[in-house]
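Source file: protein30.tsv. Holds: TSV, C-alpha atoms.
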chain	number	residue	atom	x	y	z
V	1	MET	CA	138.35	176.49	132.63
V	2	GLU	CA	137.41	172.84	133.08
V	3	PHE	CA	135.53	171.55	136.12
V	4	ARG	CA	137.74	168.43	136.16
V	5	ASP	CA	140.44	168.84	133.52
V	6	LEU	CA	141.17	165.44	132.00
V	7	LYS	CA	142.80	167.06	128.97
V	8	LYS	CA	145.60	168.59	131.07
V	9	GLN	CA	146.09	165.26	132.80
V	10	TYR	CA	146.41	163.43	129.48
V	11	LYS	CA	148.99	165.94	128.21
V	12	ALA	CA	151.06	165.32	131.34
V	13	LEU	CA	150.85	161.54	130.96
V	14	LYS	CA	150.66	161.29	127.17
V	15	SER	CA	153.88	159.47	126.28
V	16	GLU	CA	153.48	156.75	128.89
V	17	MET	CA	149.71	156.52	128.34
V	18	ASP	CA	150.04	156.11	124.59
V	19	ALA	CA	152.70	153.43	125.02
V	20	ARG	CA	150.59	151.44	127.49
V	21	ILE	CA	147.51	151.58	125.26
V	22	ALA	CA	149.55	150.64	122.19
V	23	THR	CA	150.89	147.57	123.99
V	24	VAL	CA	147.35	146.34	124.60
V	25	ILE	CA	146.30	147.03	121.02
V	26	ASN	CA	149.33	145.22	119.63
V	27	SER	CA	148.77	142.22	121.89
V	28	ALA	CA	145.02	142.16	121.07
V	29	ASN	CA	144.29	140.93	124.62
V	30	PHE	CA	141.37	143.30	125.05
V	31	ILE	CA	139.50	141.24	127.66
V	32	SER	CA	141.19	139.93	130.83
V	33	GLY	CA	144.66	140.78	129.57
V	34	PHE	CA	147.80	140.81	131.71
V	35	GLU	CA	147.28	144.47	132.66
V	36	VAL	CA	144.07	143.67	134.53
V	37	GLU	CA	145.79	141.31	136.94
V	38	GLU	CA	148.72	143.70	137.32
V	39	LEU	CA	146.32	146.51	138.19
V	40	GLU	CA	144.43	144.40	140.72
V	41	GLN	CA	147.66	143.57	142.51
V	42	LYS	CA	148.75	147.23	142.61
V	43	LEU	CA	145.39	148.46	143.83
V	44	ALA	CA	145.18	145.83	146.57
V	45	ALA	CA	148.69	146.73	147.74
V	46	TYR	CA	147.93	150.46	147.71
V	47	VAL	CA	144.69	150.09	149.67
V	48	GLY	CA	146.16	147.49	152.01
V	49	VAL	CA	143.77	144.57	151.53
V	50	LYS	CA	144.15	140.98	150.38
V	51	TYR	CA	141.90	141.11	147.32
V	52	CYS	CA	141.02	143.62	144.62
V	53	ILE	CA	138.54	142.36	142.02
V	54	THR	CA	138.02	144.77	139.13
V	55	CYS	CA	134.70	145.04	137.31
V	56	ALA	CA	132.89	147.10	134.68
V	57	ASN	CA	131.81	150.06	136.84
V	58	GLY	CA	131.23	151.27	140.38
V	59	THR	CA	127.55	150.38	140.34
V	60	ASP	CA	128.34	146.77	139.49
V	61	ALA	CA	130.93	146.78	142.27
V	62	ILE	CA	128.21	147.50	144.85
V	63	THR	CA	125.89	144.95	143.23
V	64	LEU	CA	128.58	142.26	143.31
V	65	ALA	CA	129.14	142.86	147.02
V	66	LEU	CA	125.43	142.56	147.75
V	67	MET	CA	125.23	139.39	145.62
V	68	ALA	CA	128.08	137.85	147.62
V	69	TRP	CA	126.07	138.56	150.78
V	70	ASN	CA	122.83	137.21	149.28
V	71	ILE	CA	120.94	140.44	149.97
V	72	LYS	CA	117.33	140.03	148.92
V	73	LYS	CA	113.67	140.91	149.46
V	74	LYS	CA	112.71	141.82	153.04
V	75	ASP	CA	116.30	142.86	153.84
V	76	ALA	CA	116.93	146.45	154.97
V	77	VAL	CA	120.03	148.25	153.73
V	78	PHE	CA	120.89	151.57	155.38
V	79	VAL	CA	122.10	154.22	152.94
V	80	PRO	CA	122.95	157.94	153.34
V	81	ASN	CA	120.21	160.14	151.89
V	82	PHE	CA	122.69	162.62	150.41
V	83	THR	CA	124.59	160.72	147.74
V	84	PHE	CA	124.56	159.48	144.14
V	85	PHE	CA	121.60	157.31	143.13
V	86	ALA	CA	123.60	154.09	142.69
V	87	SER	CA	124.15	153.72	146.45
V	88	GLY	CA	120.41	153.19	146.94
V	89	GLU	CA	119.65	151.75	143.51
V	90	CYS	CA	121.82	148.66	143.96
V	91	PRO	CA	120.11	147.26	147.08
V	92	ALA	CA	116.70	148.06	145.55
V	93	TYR	CA	117.71	146.20	142.39
V	94	GLN	CA	118.48	143.16	144.55
V	95	GLY	CA	114.94	143.36	145.97
V	96	ALA	CA	116.03	144.81	149.32
V	97	THR	CA	114.64	148.01	150.82
V	98	PRO	CA	117.01	150.99	151.11
V	99	ILE	CA	116.44	152.88	154.37
V	100	PHE	CA	117.68	156.41	153.85
V	101	VAL	CA	119.57	158.02	156.73
V	102	ASP	CA	120.37	161.69	157.31
V	103	VAL	CA	123.93	162.95	157.04
V	104	ASP	CA	126.32	165.19	158.95
V	105	ARG	CA	125.87	168.83	157.93
V	106	TYR	CA	129.62	169.48	157.57
V	107	THR	CA	131.20	166.22	156.36
V	108	TYR	CA	128.19	165.25	154.16
V	109	ASN	CA	128.65	161.63	155.23
V	110	ILE	CA	126.14	159.39	156.99
V	111	SER	CA	125.43	160.48	160.57
V	112	PRO	CA	126.31	157.65	163.00
V	113	GLU	CA	123.71	158.94	165.46
V	114	LYS	CA	120.94	158.98	162.85
V	115	LEU	CA	122.10	155.59	161.58
V	116	GLU	CA	121.60	153.98	164.97
V	117	GLU	CA	118.19	155.65	165.32
V	118	SER	CA	117.16	154.22	161.94
V	119	ILE	CA	118.36	150.72	162.82
V	120	ILE	CA	116.45	150.76	166.10
V	121	GLN	CA	113.30	151.97	164.33
V	122	VAL	CA	113.49	149.24	161.65
V	123	LYS	CA	114.06	146.54	164.25
V	124	LYS	CA	111.15	147.86	166.33
V	125	GLU	CA	108.76	147.84	163.35
V	126	GLY	CA	109.81	144.28	162.43
V	127	LYS	CA	108.90	144.53	158.75
V	128	TYR	CA	112.44	144.17	157.40
V	129	ASN	CA	115.60	142.32	158.38
V	130	PRO	CA	118.46	144.81	158.96
V	131	LYS	CA	121.43	143.44	157.04
V	132	VAL	CA	123.84	146.03	155.62
V	133	VAL	CA	125.08	149.57	156.14
V	134	ILE	CA	126.37	151.28	152.99
V	135	ALA	CA	128.63	154.13	154.10
V	136	VAL	CA	129.64	156.51	151.30
V	137	ASP	CA	132.94	158.42	151.27
V	138	LEU	CA	131.33	161.50	149.79
V	139	PHE	CA	133.35	164.11	147.89
V	140	GLY	CA	136.59	162.24	148.75
V	141	LEU	CA	136.26	162.16	152.55
V	142	PRO	CA	135.98	158.81	154.36
V	143	ALA	CA	132.93	158.37	156.55
V	144	ASP	CA	133.32	158.13	160.34
V	145	TYR	CA	134.16	154.42	160.36
V	146	GLN	CA	135.27	154.32	163.99
V	147	LYS	CA	131.70	155.05	165.08
V	148	ILE	CA	129.98	153.23	162.21
V	149	LYS	CA	131.84	149.97	162.85
V	150	ILE	CA	130.81	149.99	166.51
V	151	ILE	CA	127.17	150.35	165.44
V	152	CYS	CA	127.48	147.57	162.83
V	153	GLU	CA	129.01	145.21	165.39
V	154	LYS	CA	126.36	146.10	167.98
V	155	TYR	CA	123.49	145.22	165.63
V	156	HIS	CA	125.28	142.45	163.66
V	157	LEU	CA	125.24	144.30	160.35
V	158	LEU	CA	127.61	143.99	157.41
V	159	LEU	CA	129.48	147.14	156.40
V	160	LEU	CA	129.89	148.08	152.75
V	161	GLU	CA	132.15	151.05	152.08
V	162	ASP	CA	131.11	152.86	148.90
V	163	GLY	CA	134.40	154.51	148.05
V	164	ALA	CA	133.42	155.59	144.53
V	165	GLN	CA	134.43	159.17	145.37
V	166	GLY	CA	136.81	158.35	148.18
V	167	PHE	CA	139.77	156.49	146.65
V	168	GLY	CA	142.92	158.04	148.13
V	169	GLY	CA	141.21	159.36	151.25
V	170	MET	CA	142.58	158.28	154.63
V	171	ILE	CA	141.88	157.98	158.33
V	172	GLY	CA	145.23	157.97	160.06
V	173	GLU	CA	147.43	155.63	158.04
V	174	LYS	CA	144.50	153.52	156.83
V	175	LYS	CA	143.29	154.13	153.28
V	176	ALA	CA	139.79	154.41	151.87
V	177	CYS	CA	138.43	151.18	150.39
V	178	SER	CA	139.84	149.21	153.33
V	179	PHE	CA	137.22	150.13	155.95
V	180	GLY	CA	134.30	147.92	154.93
V	181	ASP	CA	133.79	144.19	155.24
V	182	ILE	CA	133.66	144.76	151.50
V	183	SER	CA	134.59	148.09	149.91
V	184	THR	CA	133.99	149.33	146.39
V	185	THR	CA	135.15	152.11	144.12
V	186	SER	CA	134.49	153.59	140.69
V	187	PHE	CA	136.94	154.52	137.95
V	188	PHE	CA	134.50	156.81	136.13
V	189	PRO	CA	136.71	159.40	134.36
V	190	ALA	CA	135.93	162.27	136.74
V	191	LYS	CA	136.67	160.28	139.90
V	192	PRO	CA	139.91	160.85	141.90
V	193	LEU	CA	141.37	157.84	140.07
V	194	GLY	CA	139.52	157.53	136.77
V	195	CYS	CA	139.96	155.64	133.52
V	196	TYR	CA	138.90	156.54	129.96
V	197	GLY	CA	135.50	154.92	130.17
V	198	ASP	CA	133.72	152.96	132.89
V	199	GLY	CA	135.40	150.81	135.48
V	200	GLY	CA	135.14	149.73	139.10
V	201	ALA	CA	136.64	147.49	141.75
V	202	VAL	CA	135.74	145.52	144.86
V	203	PHE	CA	138.09	145.17	147.85
V	204	THR	CA	137.96	142.63	150.68
V	205	ASN	CA	140.08	140.46	152.94
V	206	ASN	CA	137.50	137.63	152.96
V	207	ASP	CA	138.50	134.58	150.88
V	208	GLU	CA	134.97	133.24	150.40
V	209	TRP	CA	133.48	136.57	149.32
V	210	ALA	CA	136.37	137.22	146.95
V	211	ASP	CA	135.83	133.85	145.23
V	212	LEU	CA	132.10	134.51	144.90
V	213	ILE	CA	132.65	137.99	143.44
V	214	LYS	CA	135.19	136.67	140.94
V	215	SER	CA	132.60	134.12	139.84
V	216	TYR	CA	129.61	136.47	139.80
V	217	ARG	CA	131.40	139.08	137.66
V	218	ILE	CA	131.86	136.55	134.81
V	219	HIS	CA	128.47	134.86	134.45
V	220	GLY	CA	128.84	132.79	137.63
V	221	GLN	CA	131.58	130.65	136.11
V	222	ASN	CA	133.60	128.03	137.91
V	223	LYS	CA	137.16	129.32	138.42
V	224	LYS	CA	138.64	126.02	137.13
V	225	ASP	CA	136.32	125.68	134.13
V	226	LYS	CA	134.97	128.84	132.51
V	227	TYR	CA	132.30	126.87	130.65
V	228	ASN	CA	130.92	125.36	133.84
V	229	ASN	CA	128.60	128.04	135.22
V	230	VAL	CA	127.79	127.18	138.83
V	231	ARG	CA	125.60	130.20	139.70
V	232	ILE	CA	123.70	133.02	138.01
V	233	GLY	CA	126.05	135.95	137.61
V	234	ILE	CA	126.52	139.05	135.48
V	235	ASN	CA	128.96	140.21	132.81
V	236	SER	CA	131.12	142.82	134.52
V	237	ARG	CA	134.77	142.78	133.51
V	238	LEU	CA	137.19	145.70	133.37
V	239	ASP	CA	138.58	145.74	129.85
V	240	THR	CA	142.33	145.65	129.35
V	241	ILE	CA	142.72	149.12	127.81
V	242	GLN	CA	141.07	150.67	130.86
V	243	ALA	CA	143.44	148.69	133.09
V	244	ALA	CA	146.38	150.04	131.07
V	245	VAL	CA	145.11	153.60	131.52
V	246	LEU	CA	144.76	153.09	135.27
V	247	LEU	CA	148.26	151.60	135.57
V	248	VAL	CA	149.64	154.91	134.31
V	249	LYS	CA	147.28	157.03	136.36
V	250	ILE	CA	147.81	155.22	139.66
V	251	GLU	CA	151.50	156.16	139.63
V	252	ALA	CA	150.74	159.84	138.99
V	253	PHE	CA	148.00	159.68	141.63
V	254	LYS	CA	150.41	158.33	144.26
V	255	ASN	CA	153.42	160.43	143.27
V	256	TYR	CA	151.91	163.91	143.02
V	257	GLU	CA	148.22	164.21	142.12
V	258	LEU	CA	146.88	163.49	145.60
V	259	ASN	CA	149.31	165.96	147.13
V	260	ASN	CA	148.52	168.60	144.49
V	261	ILE	CA	144.78	168.43	144.95
V	262	ASN	CA	145.09	168.75	148.73
V	263	GLN	CA	147.25	171.86	148.28
V	264	ILE	CA	144.60	173.32	145.97
V	265	ALA	CA	141.83	172.55	148.45
V	266	ASN	CA	143.86	174.27	151.18
V	267	MET	CA	144.26	177.36	148.97
V	268	TYR	CA	140.51	177.53	148.43
V	269	THR	CA	139.85	177.18	152.15
V	270	GLU	CA	142.39	179.83	153.14
V	271	ARG	CA	141.13	182.35	150.58
V	272	LEU	CA	137.41	181.83	151.10
V	273	SER	CA	137.34	181.37	154.86
V	274	ASP	CA	136.49	184.97	155.76
V	275	ILE	CA	133.30	185.18	153.67
V	276	PRO	CA	130.41	185.47	156.17
V	277	ASP	CA	127.99	182.52	156.29
V	278	LEU	CA	129.78	180.60	153.53
V	279	VAL	CA	130.27	177.05	154.82
V	280	LEU	CA	133.47	175.40	153.57
V	281	PRO	CA	134.44	171.71	153.69
V	282	ILE	CA	135.59	170.50	157.09
V	283	ILE	CA	138.25	167.80	157.35
V	284	LYS	CA	138.42	166.45	160.89
V	285	ASN	CA	141.72	165.65	162.61
V	286	ASP	CA	143.32	162.43	161.41
V	287	PHE	CA	141.14	162.42	158.25
V	288	ALA	CA	142.37	163.16	154.72
V	289	SER	CA	140.28	163.71	151.60
V	290	SER	CA	141.03	162.89	147.97
V	291	TRP	CA	138.76	165.80	146.95
V	292	ALA	CA	136.46	164.32	144.36
V	293	GLN	CA	134.64	167.63	144.81
V	294	TYR	CA	135.22	170.90	146.64
V	295	THR	CA	131.72	171.72	147.84
V	296	ILE	CA	130.61	174.89	149.58
V	297	GLN	CA	127.28	175.74	151.21
V	298	LEU	CA	125.78	179.07	150.22
V	299	PRO	CA	123.87	181.16	152.76
V	300	GLU	CA	120.11	180.59	152.65
V	301	GLU	CA	119.39	184.08	151.36
V	302	VAL	CA	121.71	183.64	148.35
V	303	GLU	CA	120.10	182.38	145.14
V	304	ARG	CA	122.23	179.46	143.93
V	305	ALA	CA	121.12	179.66	140.30
V	306	GLU	CA	122.13	183.32	140.24
V	307	VAL	CA	125.59	182.49	141.60
V	308	GLN	CA	126.02	179.76	138.98
V	309	ALA	CA	124.92	182.08	136.18
V	310	LYS	CA	127.34	184.84	137.22
V	311	LEU	CA	130.24	182.40	137.52
V	312	LYS	CA	129.36	180.95	134.12
V	313	GLU	CA	129.64	184.44	132.64
V	314	LYS	CA	133.25	184.39	133.84
V	315	GLU	CA	133.73	180.92	132.28
V	316	ILE	CA	133.86	179.22	135.67
V	317	PRO	CA	131.92	175.94	135.65
V	318	THR	CA	130.02	174.76	138.73
V	319	MET	CA	127.97	171.69	139.60
V	320	VAL	CA	125.30	170.82	142.15
V	321	TYR	CA	125.78	167.50	143.95
V	322	TYR	CA	122.96	166.78	144.83
V	323	LYS	CA	119.73	168.60	144.02
V	324	LYS	CA	117.26	166.05	145.38
V	325	PRO	CA	117.40	163.73	148.42
V	326	MET	CA	117.41	160.03	147.65
V	327	HIS	CA	114.08	159.39	149.39
V	328	LEU	CA	112.36	161.94	147.13
V	329	GLN	CA	113.59	160.38	143.88
V	330	LYS	CA	110.69	159.31	141.67
V	331	ALA	CA	111.97	155.73	141.56
V	332	PHE	CA	111.15	155.31	145.26
V	333	VAL	CA	107.67	156.86	145.23
V	334	GLY	CA	105.16	154.53	146.88
V	335	THR	CA	107.82	152.45	148.65
V	336	ASP	CA	108.94	152.44	152.27
V	337	SER	CA	112.22	153.95	151.07
V	338	ALA	CA	110.36	157.20	150.49
V	339	ILE	CA	109.67	157.51	154.21
V	340	ALA	CA	112.59	159.38	155.73
V	341	ASN	CA	113.14	162.14	158.28
V	342	CYS	CA	116.23	163.86	156.89
V	343	PRO	CA	116.13	167.64	157.45
V	344	VAL	CA	119.90	168.09	157.04
V	345	THR	CA	119.86	166.42	153.64
V	346	GLU	CA	116.89	168.48	152.49
V	347	SER	CA	118.68	171.66	153.58
V	348	LEU	CA	121.96	170.70	151.89
V	349	CYS	CA	120.24	169.99	148.58
V	350	LYS	CA	119.18	173.64	148.47
V	351	LYS	CA	122.55	175.15	149.40
V	352	VAL	CA	125.48	173.07	148.09
V	353	LEU	CA	127.62	174.17	145.16
V	354	SER	CA	130.76	172.47	143.84
V	355	ILE	CA	133.53	174.53	142.25
V	356	PRO	CA	136.37	173.40	139.95
V	357	ILE	CA	139.03	171.21	141.53
V	358	HIS	CA	141.56	168.79	140.06
V	359	PRO	CA	145.32	168.14	140.45
V	360	TYR	CA	146.22	170.29	137.42
V	361	LEU	CA	144.35	173.46	138.44
V	362	ASN	CA	146.92	176.27	138.39
V	363	GLU	CA	147.20	179.21	140.78
V	364	SER	CA	145.85	181.77	138.31
V	365	GLU	CA	142.72	179.65	137.90
V	366	ILE	CA	142.35	179.34	141.66
V	367	VAL	CA	142.65	183.11	142.00
V	368	GLN	CA	140.05	183.59	139.28
V	369	VAL	CA	137.55	181.32	141.05
V	370	VAL	CA	138.19	182.83	144.47
V	371	GLU	CA	138.03	186.44	143.32
V	372	SER	CA	134.85	185.79	141.37
V	373	ILE	CA	133.15	184.28	144.42
V	374	ARG	CA	134.38	187.08	146.66
V	375	GLU	CA	133.09	189.66	144.20
V	376	LEU	CA	129.64	188.07	144.25
V	377	PHE	CA	129.51	188.22	148.02
V	378	ASP	CA	130.83	191.77	148.16
V	379	LEU	CA	128.08	192.81	145.75
V	380	LYS	CA	125.56	190.92	147.84
V	381	ASN	CA	126.73	192.59	151.05
V	382	ASN	CA	126.53	196.02	149.45
Could I get this file's structure written as structure tokens?
Amino acid sequence: MEFRDLKKQYKALKSEMDARIATVINSANFISGFEVEELEQKLAAYVGVKYCITCANGTDAITLALMAWNIKKKDAVFVPNFTFFASGECPAYQGATPIFVDVDRYTYNISPEKLEESIIQVKKEGKYNPKVVIAVDLFGLPADYQKIKIICEKYHLLLLEDGAQGFGGMIGEKKACSFGDISTTSFFPAKPLGCYGDGGAVFTNNDEWADLIKSYRIHGQNKKDKYNNVRIGINSRLDTIQAAVLLVKIEAFKNYELNNINQIANMYTERLSDIPDLVLPIIKNDFASSWAQYTIQLPEEVERAEVQAKLKEKEIPTMVYYKKPMHLQKAFVGTDSAIANCPVTESLCKKVLSIPIHPYLNESEIVQVVESIRELFDLKNN
């Protein structure tokens, strides 16, 4: 059993995928080929924003957004403590100070209440200039943007939606990657919409920011003269073969993959819901997840490593996202980013466990995972 089965996906899409890739190879337009622009148009239309600017990866996407906003030393950027390292790494790389904020115990996303407390504390101390909130759509579920936007407006902060795991998620009829002043995503292969290498994208409705990001991603070039570099930028282009891959995958994603993975998540929830003290993902009313991960919380008395080992014996892969809070990462030792009061995050890091989920998981595999977990808890209860 695969944790995220890209081989099954390729078999389902093989004929169209091979044809798309062959077209790129035959044209030899490997950089900034026609497929890149076609993909950007389709992604912008799907998300419902004016601009989609593709780039080399999801980390660069965040960096490009921060560059467009001129985020720098002495700026404070508020980041959830329970997330992948890039969300905090990017503002630190720009010289800013990530301020790590605790998350909601059940959605895993940044807590609006703790966010406001952190903003007030930073403003009171006066050491840093509060500038940006990075809200992460963790495990496929959009953050609580209704509350977060009110806080950002109240304190005059920019909102960056890190939708690396959230592409395809929704709040009402509004799609992930449309909630931020700028939003970003990743096309890392294991993401809800992934390519066959690295890739990312930036989304915005702002004309000025879009022009800056387009320039920054290609060495700060002038859009009318590529050999007239008007600012210091980076080299972060999505290559044409990856765009071709994504053009095939986006259609499958829209037509059936997103629906399939939600059905699978529902099966897990229905069949695991009666296990005492096992905390399952909670999707609030009007929210929809794209299920980058299906993450459970084990009871405190259960040894996670033991559960993983027993499931591995049955050839069921598991992952832990995430084992260590952001503020305790070695990279932040000795900085103000290491100062954080985040008991929920610290508790989650000890209890979370992600089980296999992808659009091509069949019912027999679901049964195998569920029965294996139930067996472990029955043995534990005995």
(request) Find the residue from V:Tyr360, V:Phe253, V:Phe332, V:Tyr322 that sits nearest to Ile99 in chain V; use only C-alpha atoms when measuring. (result)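 Nearest candidate to Ile99 in chain V out of V:Tyr360, V:Phe253, V:Phe332, V:Tyr322: V:Phe332.
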(message) I need every residue sitting at most 7 Å from the point (141.4, 152.4, 133.7) (coordinates as in the file, all atoms listed in the file considered), written as a ChimeraX atom specification.
(response) /V:187,194-196,199,241-246
(request) State, in Å with one decimal place, the distance from CA of Phe167 in chain V to CA of Ile134 in chain V. (result)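 A separation of 15.7 Å between them.
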(request) Dump as a ChimeraX atom specification all residues having an atom at most 10 Å from (126.9, 144.0, 144.0), computed in the file's coordinates with all atoms listed in the file. (result) /V:58-71,90-91,93-94,184,202,213,216-217,234
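Across V:Lys127, V:Lys323, V:Lys249, V:Lys330, the tightest approach to Arg20 in chain V is made by V:Lys249 when counting only C-alpha atoms.
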(request) Between CA of Arg105 in chain V and CA of Val279 in chain V, measure the distance and give it in Å to one decimal. (result) 9.8 Å
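Each of V:Leu13, V:Ile148, V:Val367, V:Cys349 was checked against Ile264 in chain V using all atoms listed in the file; the smallest atom-to-atom distance is that of V:Val367.
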(request) Rank V:Asp144, V:Glu301, V:Glu363, V:Asp207 by their smallest atom-to-atom distance to Ile261 in chain V, using only C-alpha atoms, and report the top residue only. (result)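 Going through V:Asp144, V:Glu301, V:Glu363, V:Asp207 one by one, the smallest distance to Ile261 in chain V is for V:Glu363.
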Show me, as AutoDock Vina command-line options, the centre and edge lengths in Å to one decimal of the axis-aligned box that covers every listed atom of range 312-330 of chain V with 8 Å on each side.
--center_x 122.3 --center_y 171.9 --center_z 140.8 --size_x 39.2 --size_y 41.1 --size_z 33.1
(message) Calculated over only C-alpha atoms, which of the candidates V:Ala135, V:Ala86, V:Leu348, V:Cys152 has the smallest distance to Ile110 in chain V?
(response)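 Of V:Ala135, V:Ala86, V:Leu348, V:Cys152, the one nearest Ile110 in chain V, counting only C-alpha atoms, is V:Ala135.
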(message) Under the rule that only C-alpha atoms are counted, which of V:Lys191, V:Leu238, V:Ala76, V:Tyr106 is the nearest residue to Leu158 in chain V?
(response) V:Ala76
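Interatomic distance, CA of Ser32 in chain V to CA of Thr240 in chain V: 6.0 Å.
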